[in-house]
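Content type mmCIF, C-alpha atoms and all ligand atoms, from the file final_24.cif:
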data_data
loop_
_atom_site.label_atom_id
_atom_site.label_comp_id
_atom_site.auth_asym_id
_atom_site.auth_seq_id
_atom_site.Cartn_x
_atom_site.Cartn_y
_atom_site.Cartn_z
CA MET S 1 79.77 71.04 -77.69
CA THR S 2 83.13 70.21 -79.19
CA ASP S 3 84.60 72.78 -81.54
CA TYR S 4 86.42 70.80 -84.23
CA LYS S 5 89.55 72.32 -85.73
CA LEU S 6 91.59 71.53 -88.83
CA ILE S 7 94.75 69.65 -87.86
CA GLU S 8 98.07 71.18 -88.81
CA LEU S 9 100.13 69.22 -91.30
CA PRO S 10 103.16 67.49 -89.73
CA TYR S 11 105.30 68.74 -92.68
CA ASN S 12 105.38 71.66 -95.11
CA LYS S 13 102.88 71.67 -97.99
CA GLU S 14 105.65 71.25 -100.56
CA ASP S 15 107.38 68.38 -98.74
CA LEU S 16 105.30 65.53 -100.22
CA ALA S 17 106.28 66.44 -103.81
CA PRO S 18 106.75 64.92 -106.30
CA GLY S 19 104.35 62.24 -104.98
CA ILE S 20 101.74 64.86 -104.12
CA SER S 21 102.26 68.41 -105.35
CA GLU S 22 102.22 71.49 -103.13
CA GLN S 23 99.15 72.73 -105.02
CA VAL S 24 97.18 69.57 -104.32
CA VAL S 25 98.14 69.55 -100.63
CA GLU S 26 97.11 73.21 -100.38
CA TRP S 27 93.68 72.62 -101.96
CA HIS S 28 93.14 69.26 -100.29
CA HIS S 29 94.03 70.36 -96.76
CA GLY S 30 93.08 74.03 -96.86
CA THR S 31 89.85 73.77 -98.85
CA HIS S 32 88.48 70.21 -98.89
CA HIS S 33 89.51 69.06 -95.40
CA GLN S 34 88.63 72.49 -93.99
CA GLY S 35 85.21 72.07 -95.58
CA TYR S 36 84.58 68.88 -93.59
CA VAL S 37 85.64 70.58 -90.35
CA ASP S 38 83.35 73.52 -91.08
CA GLY S 39 80.51 71.20 -92.09
CA LEU S 40 80.94 69.20 -88.90
CA ASN S 41 80.85 72.27 -86.67
CA LYS S 42 77.79 73.56 -88.52
CA ALA S 43 75.96 70.23 -88.20
CA GLU S 44 76.75 70.02 -84.48
CA GLN S 45 75.59 73.58 -83.91
CA LYS S 46 72.33 73.07 -85.81
CA LEU S 47 71.64 69.78 -84.02
CA GLN S 48 72.11 71.53 -80.67
CA GLU S 49 69.75 74.31 -81.77
CA GLN S 50 67.14 71.70 -82.75
CA ARG S 51 67.41 70.10 -79.30
CA GLU S 52 67.10 73.43 -77.50
CA GLU S 53 64.11 74.44 -79.62
CA GLU S 54 62.61 70.94 -79.43
CA ASP S 55 62.15 71.16 -83.19
CA PHE S 56 63.42 68.03 -84.89
CA SER S 57 62.16 68.82 -88.39
CA ALA S 58 65.66 69.02 -89.92
CA THR S 59 67.32 66.38 -87.73
CA GLY S 60 67.47 63.67 -90.43
CA SER S 61 69.51 65.73 -92.87
CA LEU S 62 71.64 67.16 -90.06
CA LEU S 63 72.55 63.67 -88.85
CA ASN S 64 73.52 62.73 -92.40
CA SER S 65 75.68 65.85 -92.54
CA PHE S 66 77.24 64.99 -89.17
CA THR S 67 78.17 61.46 -90.33
CA HIS S 68 79.57 62.63 -93.68
CA ASN S 69 81.66 65.43 -92.23
CA PHE S 70 82.75 63.58 -89.07
CA CYS S 71 83.99 60.58 -91.07
CA GLY S 72 85.62 62.89 -93.64
CA ASN S 73 87.47 64.74 -90.90
CA VAL S 74 88.64 61.56 -89.12
CA LEU S 75 89.93 59.92 -92.30
CA HIS S 76 91.71 63.06 -93.51
CA ASP S 77 93.45 63.34 -90.11
CA ILE S 78 94.72 59.77 -90.50
CA PHE S 79 95.66 60.35 -94.16
CA TRP S 80 97.84 63.42 -93.48
CA GLU S 81 99.44 61.86 -90.42
CA ASN S 82 100.23 58.53 -92.07
CA MET S 83 102.41 60.23 -94.70
CA SER S 84 105.89 61.69 -94.40
CA PRO S 85 108.50 63.07 -96.81
CA GLU S 86 110.77 60.39 -95.29
CA GLY S 87 108.12 57.69 -95.80
CA GLY S 88 108.16 54.51 -97.80
CA GLY S 89 109.78 51.20 -97.04
CA LYS S 90 107.92 48.53 -95.15
CA PRO S 91 106.32 48.11 -91.74
CA GLU S 92 108.39 46.55 -88.98
CA GLY S 93 107.91 44.76 -85.68
CA GLU S 94 104.47 43.70 -84.46
CA LEU S 95 102.67 45.33 -87.36
CA MET S 96 104.74 43.51 -89.97
CA ASP S 97 104.21 40.24 -88.09
CA LYS S 98 100.47 40.84 -88.08
CA ILE S 99 100.38 41.77 -91.78
CA GLU S 100 102.28 38.59 -92.69
CA GLU S 101 99.96 36.54 -90.47
CA GLU S 102 96.79 38.01 -91.97
CA PHE S 103 97.73 38.49 -95.62
CA GLY S 104 100.46 35.90 -96.14
CA SER S 105 103.10 38.51 -96.97
CA TYR S 106 103.64 42.26 -97.14
CA GLU S 107 103.52 42.06 -100.96
CA ASN S 108 100.14 40.34 -100.78
CA TRP S 109 98.84 43.03 -98.46
CA LYS S 110 100.14 45.74 -100.80
CA LYS S 111 98.46 44.20 -103.87
CA GLU S 112 95.16 43.84 -102.03
CA PHE S 113 95.33 47.41 -100.69
CA LYS S 114 96.08 48.72 -104.20
CA ALA S 115 93.07 46.80 -105.52
CA ALA S 116 90.94 48.39 -102.78
CA ALA S 117 92.27 51.83 -103.77
CA GLY S 118 91.43 51.09 -107.40
CA SER S 119 87.85 50.07 -106.72
CA ALA S 120 86.83 52.49 -103.96
CA SER S 121 84.97 55.73 -104.60
CA GLY S 122 86.41 57.25 -101.47
CA TRP S 123 89.08 55.54 -99.44
CA ALA S 124 91.27 52.47 -99.16
CA LEU S 125 91.77 51.66 -95.48
CA LEU S 126 93.83 49.23 -93.47
CA VAL S 127 91.77 48.64 -90.34
CA TYR S 128 92.29 46.80 -87.09
CA ILE S 129 89.30 44.92 -85.64
CA PRO S 130 90.04 44.52 -81.90
CA GLN S 131 87.26 42.06 -81.04
CA ARG S 132 88.72 39.60 -83.57
CA ASP S 133 92.35 40.77 -83.27
CA GLU S 134 92.45 41.03 -87.07
CA LEU S 135 93.72 43.42 -89.69
CA HIS S 136 91.63 43.93 -92.81
CA ASN S 137 91.66 46.06 -95.95
CA VAL S 138 88.43 47.95 -96.58
CA ALA S 139 87.23 49.86 -99.66
CA VAL S 140 84.95 52.73 -98.68
CA ASP S 141 82.79 54.95 -100.89
CA ARG S 142 82.49 58.62 -99.94
CA HIS S 143 83.67 58.59 -96.28
CA ASP S 144 81.53 55.87 -94.72
CA GLU S 145 79.69 53.76 -97.29
CA GLY S 146 81.04 50.24 -96.89
CA ALA S 147 82.59 50.99 -93.49
CA VAL S 148 82.93 48.12 -91.01
CA TRP S 149 81.50 48.46 -87.50
CA GLY S 150 84.04 47.98 -84.72
CA ALA S 151 86.99 48.46 -87.08
CA HIS S 152 89.57 51.18 -86.53
CA PRO S 153 91.44 52.62 -89.53
CA ILE S 154 95.21 52.65 -88.95
CA LEU S 155 96.16 53.61 -92.54
CA ALA S 156 94.09 55.66 -94.97
CA CYS S 157 94.57 56.46 -98.66
CA ASP S 158 92.26 59.11 -100.09
CA VAL S 159 91.21 58.23 -103.63
CA TRP S 160 88.64 60.98 -104.12
CA GLU S 161 89.52 62.79 -107.36
CA HIS S 162 90.54 65.91 -105.40
CA SER S 163 93.35 63.76 -103.99
CA TYR S 164 95.14 62.94 -107.23
CA TYR S 165 93.50 64.15 -110.44
CA HIS S 166 95.43 67.43 -110.69
CA ASP S 167 98.73 65.53 -110.46
CA TYR S 168 97.94 62.25 -112.20
CA GLY S 169 94.79 62.70 -114.32
CA PRO S 170 92.98 59.37 -114.67
CA LYS S 171 96.09 57.36 -113.63
CA ARG S 172 94.93 56.64 -110.10
CA GLY S 173 97.21 53.62 -109.86
CA ASP S 174 100.28 55.85 -110.32
CA PHE S 175 99.06 58.01 -107.43
CA VAL S 176 98.63 54.94 -105.24
CA ASP S 177 102.18 53.82 -106.11
CA SER S 178 103.42 57.24 -104.99
CA PHE S 179 101.34 56.98 -101.83
CA PHE S 180 103.19 53.77 -100.89
CA GLN S 181 106.43 55.77 -101.12
CA LEU S 182 105.03 58.32 -98.66
CA ILE S 183 103.62 55.99 -95.98
CA ASP S 184 105.05 56.73 -92.55
CA TRP S 185 104.98 53.20 -91.13
CA THR S 186 106.04 54.41 -87.69
CA THR S 187 102.74 56.27 -87.38
CA VAL S 188 100.77 53.29 -88.69
CA GLN S 189 102.51 51.03 -86.17
CA ASP S 190 101.72 53.55 -83.39
CA ASN S 191 98.04 53.56 -84.43
CA PHE S 192 97.99 49.76 -84.39
CA MET S 193 99.64 49.48 -80.98
CA GLU S 194 97.48 52.19 -79.41
CA ILE S 195 94.21 50.60 -80.51
CA SER S 196 95.46 47.13 -79.66
CA LYS S 197 96.42 48.21 -76.11
CA THR S 198 93.15 50.07 -75.60
CA PHE S 199 90.91 47.13 -76.49
CA ASN S 200 92.87 43.95 -75.72
FE FE S 301 90.13 64.17 -99.44
#
Please, can you express the file's structure as structure tokens?
Ligand SMILES: [Fe+2]
Amino acid sequence: MTDYKLIELPYNKEDLAPGISEQVVEWHHGTHHQGYVDGLNKAEQKLQEQREEEDFSATGSLLNSFTHNFCGNVLHDIFWENMSPEGGGKPEGELMDKIEEEFGSYENWKKEFKAAAGSASGWALLVYIPQRDELHNVAVDRHDEGAVWGAHPILACDVWEHSYYHDYGPKRGDFVDSFFQLIDWTTVQDNFMEISKTFN
């Protein structure tokens, strides 16, 4: 059974300020993200115990817990890694070409992604769908409600209140504007190329 561990941040907790304060990064990574890792390990352990005991009475709720915590862990990994204190700017190369092909322009993509971040009760995602060779924006509630099968997130913006409320209050749009200034497009491009090479 895999023992899931909290990823280390690729920067110091204070480095994303003023876009995201040190306090929010500390709570978000150390408490909330850690909670999903712990919940995932606990769900996996309990599921294994159920199998060994051939007692499946709690399996339904454990599978729900697995999905919630697994998806939460995956998306938080992407979220932390797709930001950088040196972030901002625009995508380049193949990713920029694909964004312009799919959305008409980078500005169009950005407006649509911001709308997704405004409407979601969870996450705004830029996903790549290998079987159609398409990019798409997706608005997800919690960590998985509204997810798209076969799609791989390459960019994730967490719009749970724990992500921004301490810094921005109800002004979620201001947080999303700051997020754009923190996007590490090199990582997003790497995610895109890796998935594209794996499936195509
Ligand atoms: Fe979060």
Write as a list in words the residues around ligand FE 301 (chain S), taking 10 Å as the cut-off and counting only C-alpha atoms and all ligand atoms.
-> Val25, Trp27, His28, His29, Thr31, His32, His33, Tyr36, Gly72, Asn73, Leu75, His76, Asp77, Phe79, Trp80, Gly122, Trp123, Arg142, His143, Cys157, Asp158, Val159, Trp160, Glu161, His162, Ser163 and Tyr164 of chain S
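Going from atom CA of Glu94 of chain S over to atom CA of Gln189 of chain S, you cover 7.8 Å.
Ranking S:Glu112, S:Pro85, S:Leu95, S:Leu62 by their shortest atom-to-atom distance to Glu44 of chain S, with only C-alpha atoms included, puts S:Leu62 first.
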Non-local contacts of Ala116 of chain S (10 Å; all atoms listed in the file; under 4 positions in same chain excluded) as a list in words | Lys110, Lys111, Glu112, Ala120, Ser121, Trp123, Ala124, Leu125, Leu126, Asn137, Val138, Ala139, Val140, Cys157 and Val159 of chain S
Within 8 Å of (101.6, 57.7, -96.1), all atoms listed in the file: residues as an MDAnalysis selection string?
-> chainID S and resid 79:84 87:88 155:157 179:185
Write the residues of the selection above to a file with C-alpha atoms, as a JSON list (two decimals), keeping the file's coordinate frame.
[["chain", "number", "residue", "atom", "x", "y", "z"],
["S", 79, "PHE", "CA", 95.66, 60.35, -94.16],
["S", 80, "TRP", "CA", 97.84, 63.42, -93.48],
["S", 81, "GLU", "CA", 99.44, 61.86, -90.42],
["S", 82, "ASN", "CA", 100.23, 58.53, -92.07],
["S", 83, "MET", "CA", 102.41, 60.23, -94.70],
["S", 84, "SER", "CA", 105.89, 61.69, -94.40],
["S", 87, "GLY", "CA", 108.12, 57.69, -95.80],
["S", 88, "GLY", "CA", 108.16, 54.51, -97.80],
["S", 155, "LEU", "CA", 96.16, 53.61, -92.54],
["S", 156, "ALA", "CA", 94.09, 55.66, -94.97],
["S", 157, "CYS", "CA", 94.57, 56.46, -98.66],
["S", 179, "PHE", "CA", 101.34, 56.98, -101.83],
["S", 180, "PHE", "CA", 103.19, 53.77, -100.89],
["S", 181, "GLN", "CA", 106.43, 55.77, -101.12],
["S", 182, "LEU", "CA", 105.03, 58.32, -98.66],
["S", 183, "ILE", "CA", 103.62, 55.99, -95.98],
["S", 184, "ASP", "CA", 105.05, 56.73, -92.55],
["S", 185, "TRP", "CA", 104.98, 53.20, -91.13]]
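The interatomic distance for the pair atom CA of Ile7 of chain S and atom CA of Ala151 of chain S works out to 22.6 Å.
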Go through S:Glu26, S:Val127, S:Glu92, S:Asp190 one by one, measure the shortest atom-to-atom distance of each to Trp149 of chain S using all atoms listed in the file, and give the residue with the smallest value.
-> S:Val127
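These residues, each with an atom at most 12 Å from (98.2, 52.9, -80.8) using all atoms listed in the file, are Glu94, Leu95, Tyr128, Pro130, His152, Pro153, Ile154, Leu155, Thr186, Thr187, Val188, Gln189, Asp190, Asn191, Phe192, Met193, Glu194, Ile195, Ser196, Lys197, Thr198, Phe199 and Asn200 of chain S.
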For Asn64 of chain S, list every protein, DNA or RNA residue within 12 Å, evaluated using all atoms listed in the file, and leave out those in the same chain fewer than 4 positions away; present the list as a PyMOL selection string.
-> chain S and resi 39-40+43-44+47+58-60+68-71+143-145
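In terms of minimum interatomic distance to Glu8 of chain S, S:Gln34 ranks closest within S:Asp55, S:Met96, S:Gln34, S:Lys90, counting all atoms listed in the file.
Of the residues listed (S:Glu134, S:Glu49, S:Glu22, S:Asp15), S:Glu134 shows the shortest atom-to-atom separation from Asp97 of chain S; distances use all atoms listed in the file.
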Which one is closest to Gly146 of chain S: S:Ser119, S:Asn12, S:Ser21, S:Gly35? Count only C-alpha atoms.
-> S:Ser119
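Computed from the coordinates, the atom CA of His166 of chain S to atom CA of Val74 of chain S distance equals 23.4 Å.
In this comparison, which uses all atoms listed in the file, the residue of S:Leu16, S:Gln23, S:Ile99, S:Leu135 approaching Tyr165 of chain S most closely is S:Gln23.
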Could you add N, CA and C atoms to segment 45-58 of chain S and give me the result as a PDB file, keeping the file's coordinate frame?
ATOM      1  N   GLN S  45      76.267  72.381 -84.405  1.00  0.00           N
ATOM      2  CA  GLN S  45      75.590  73.580 -83.910  1.00  0.00           C
ATOM      3  C   GLN S  45      74.094  73.531 -84.195  1.00  0.00           C
ATOM      4  N   LYS S  46      73.744  73.131 -85.417  1.00  0.00           N
ATOM      5  CA  LYS S  46      72.330  73.070 -85.810  1.00  0.00           C
ATOM      6  C   LYS S  46      71.592  71.981 -85.025  1.00  0.00           C
ATOM      7  N   LEU S  47      72.266  70.849 -84.797  1.00  0.00           N
ATOM      8  CA  LEU S  47      71.640  69.780 -84.020  1.00  0.00           C
ATOM      9  C   LEU S  47      71.335  70.267 -82.597  1.00  0.00           C
ATOM     10  N   GLN S  48      72.307  70.994 -82.025  1.00  0.00           N
ATOM     11  CA  GLN S  48      72.110  71.530 -80.670  1.00  0.00           C
ATOM     12  C   GLN S  48      70.943  72.519 -80.644  1.00  0.00           C
ATOM     13  N   GLU S  49      70.859  73.348 -81.685  1.00  0.00           N
ATOM     14  CA  GLU S  49      69.750  74.310 -81.770  1.00  0.00           C
ATOM     15  C   GLU S  49      68.415  73.579 -81.846  1.00  0.00           C
ATOM     16  N   GLN S  50      68.381  72.478 -82.626  1.00  0.00           N
ATOM     17  CA  GLN S  50      67.140  71.700 -82.750  1.00  0.00           C
ATOM     18  C   GLN S  50      66.724  71.139 -81.383  1.00  0.00           C
ATOM     19  N   ARG S  51      67.713  70.663 -80.624  1.00  0.00           N
ATOM     20  CA  ARG S  51      67.410  70.100 -79.300  1.00  0.00           C
ATOM     21  C   ARG S  51      66.864  71.186 -78.371  1.00  0.00           C
ATOM     22  N   GLU S  52      67.524  72.341 -78.386  1.00  0.00           N
ATOM     23  CA  GLU S  52      67.100  73.430 -77.500  1.00  0.00           C
ATOM     24  C   GLU S  52      65.704  73.921 -77.861  1.00  0.00           C
ATOM     25  N   GLU S  53      65.411  73.938 -79.166  1.00  0.00           N
ATOM     26  CA  GLU S  53      64.110  74.440 -79.620  1.00  0.00           C
ATOM     27  C   GLU S  53      63.045  73.326 -79.660  1.00  0.00           C
ATOM     28  N   GLU S  54      63.503  72.107 -79.354  1.00  0.00           N
ATOM     29  CA  GLU S  54      62.610  70.940 -79.430  1.00  0.00           C
ATOM     30  C   GLU S  54      61.895  70.880 -80.775  1.00  0.00           C
ATOM     31  N   ASP S  55      62.643  71.207 -81.808  1.00  0.00           N
ATOM     32  CA  ASP S  55      62.150  71.160 -83.190  1.00  0.00           C
ATOM     33  C   ASP S  55      63.079  70.215 -83.944  1.00  0.00           C
ATOM     34  N   PHE S  56      62.570  69.044 -84.271  1.00  0.00           N
ATOM     35  CA  PHE S  56      63.420  68.030 -84.890  1.00  0.00           C
ATOM     36  C   PHE S  56      63.115  67.858 -86.380  1.00  0.00           C
ATOM     37  N   SER S  57      62.596  68.915 -86.989  1.00  0.00           N
ATOM     38  CA  SER S  57      62.160  68.820 -88.390  1.00  0.00           C
ATOM     39  C   SER S  57      63.339  68.634 -89.349  1.00  0.00           C
ATOM     40  N   ALA S  58      64.512  69.134 -89.007  1.00  0.00           N
ATOM     41  CA  ALA S  58      65.660  69.020 -89.920  1.00  0.00           C
ATOM     42  C   ALA S  58      66.692  68.006 -89.413  1.00  0.00           C
TER      43      ALA S  58
END
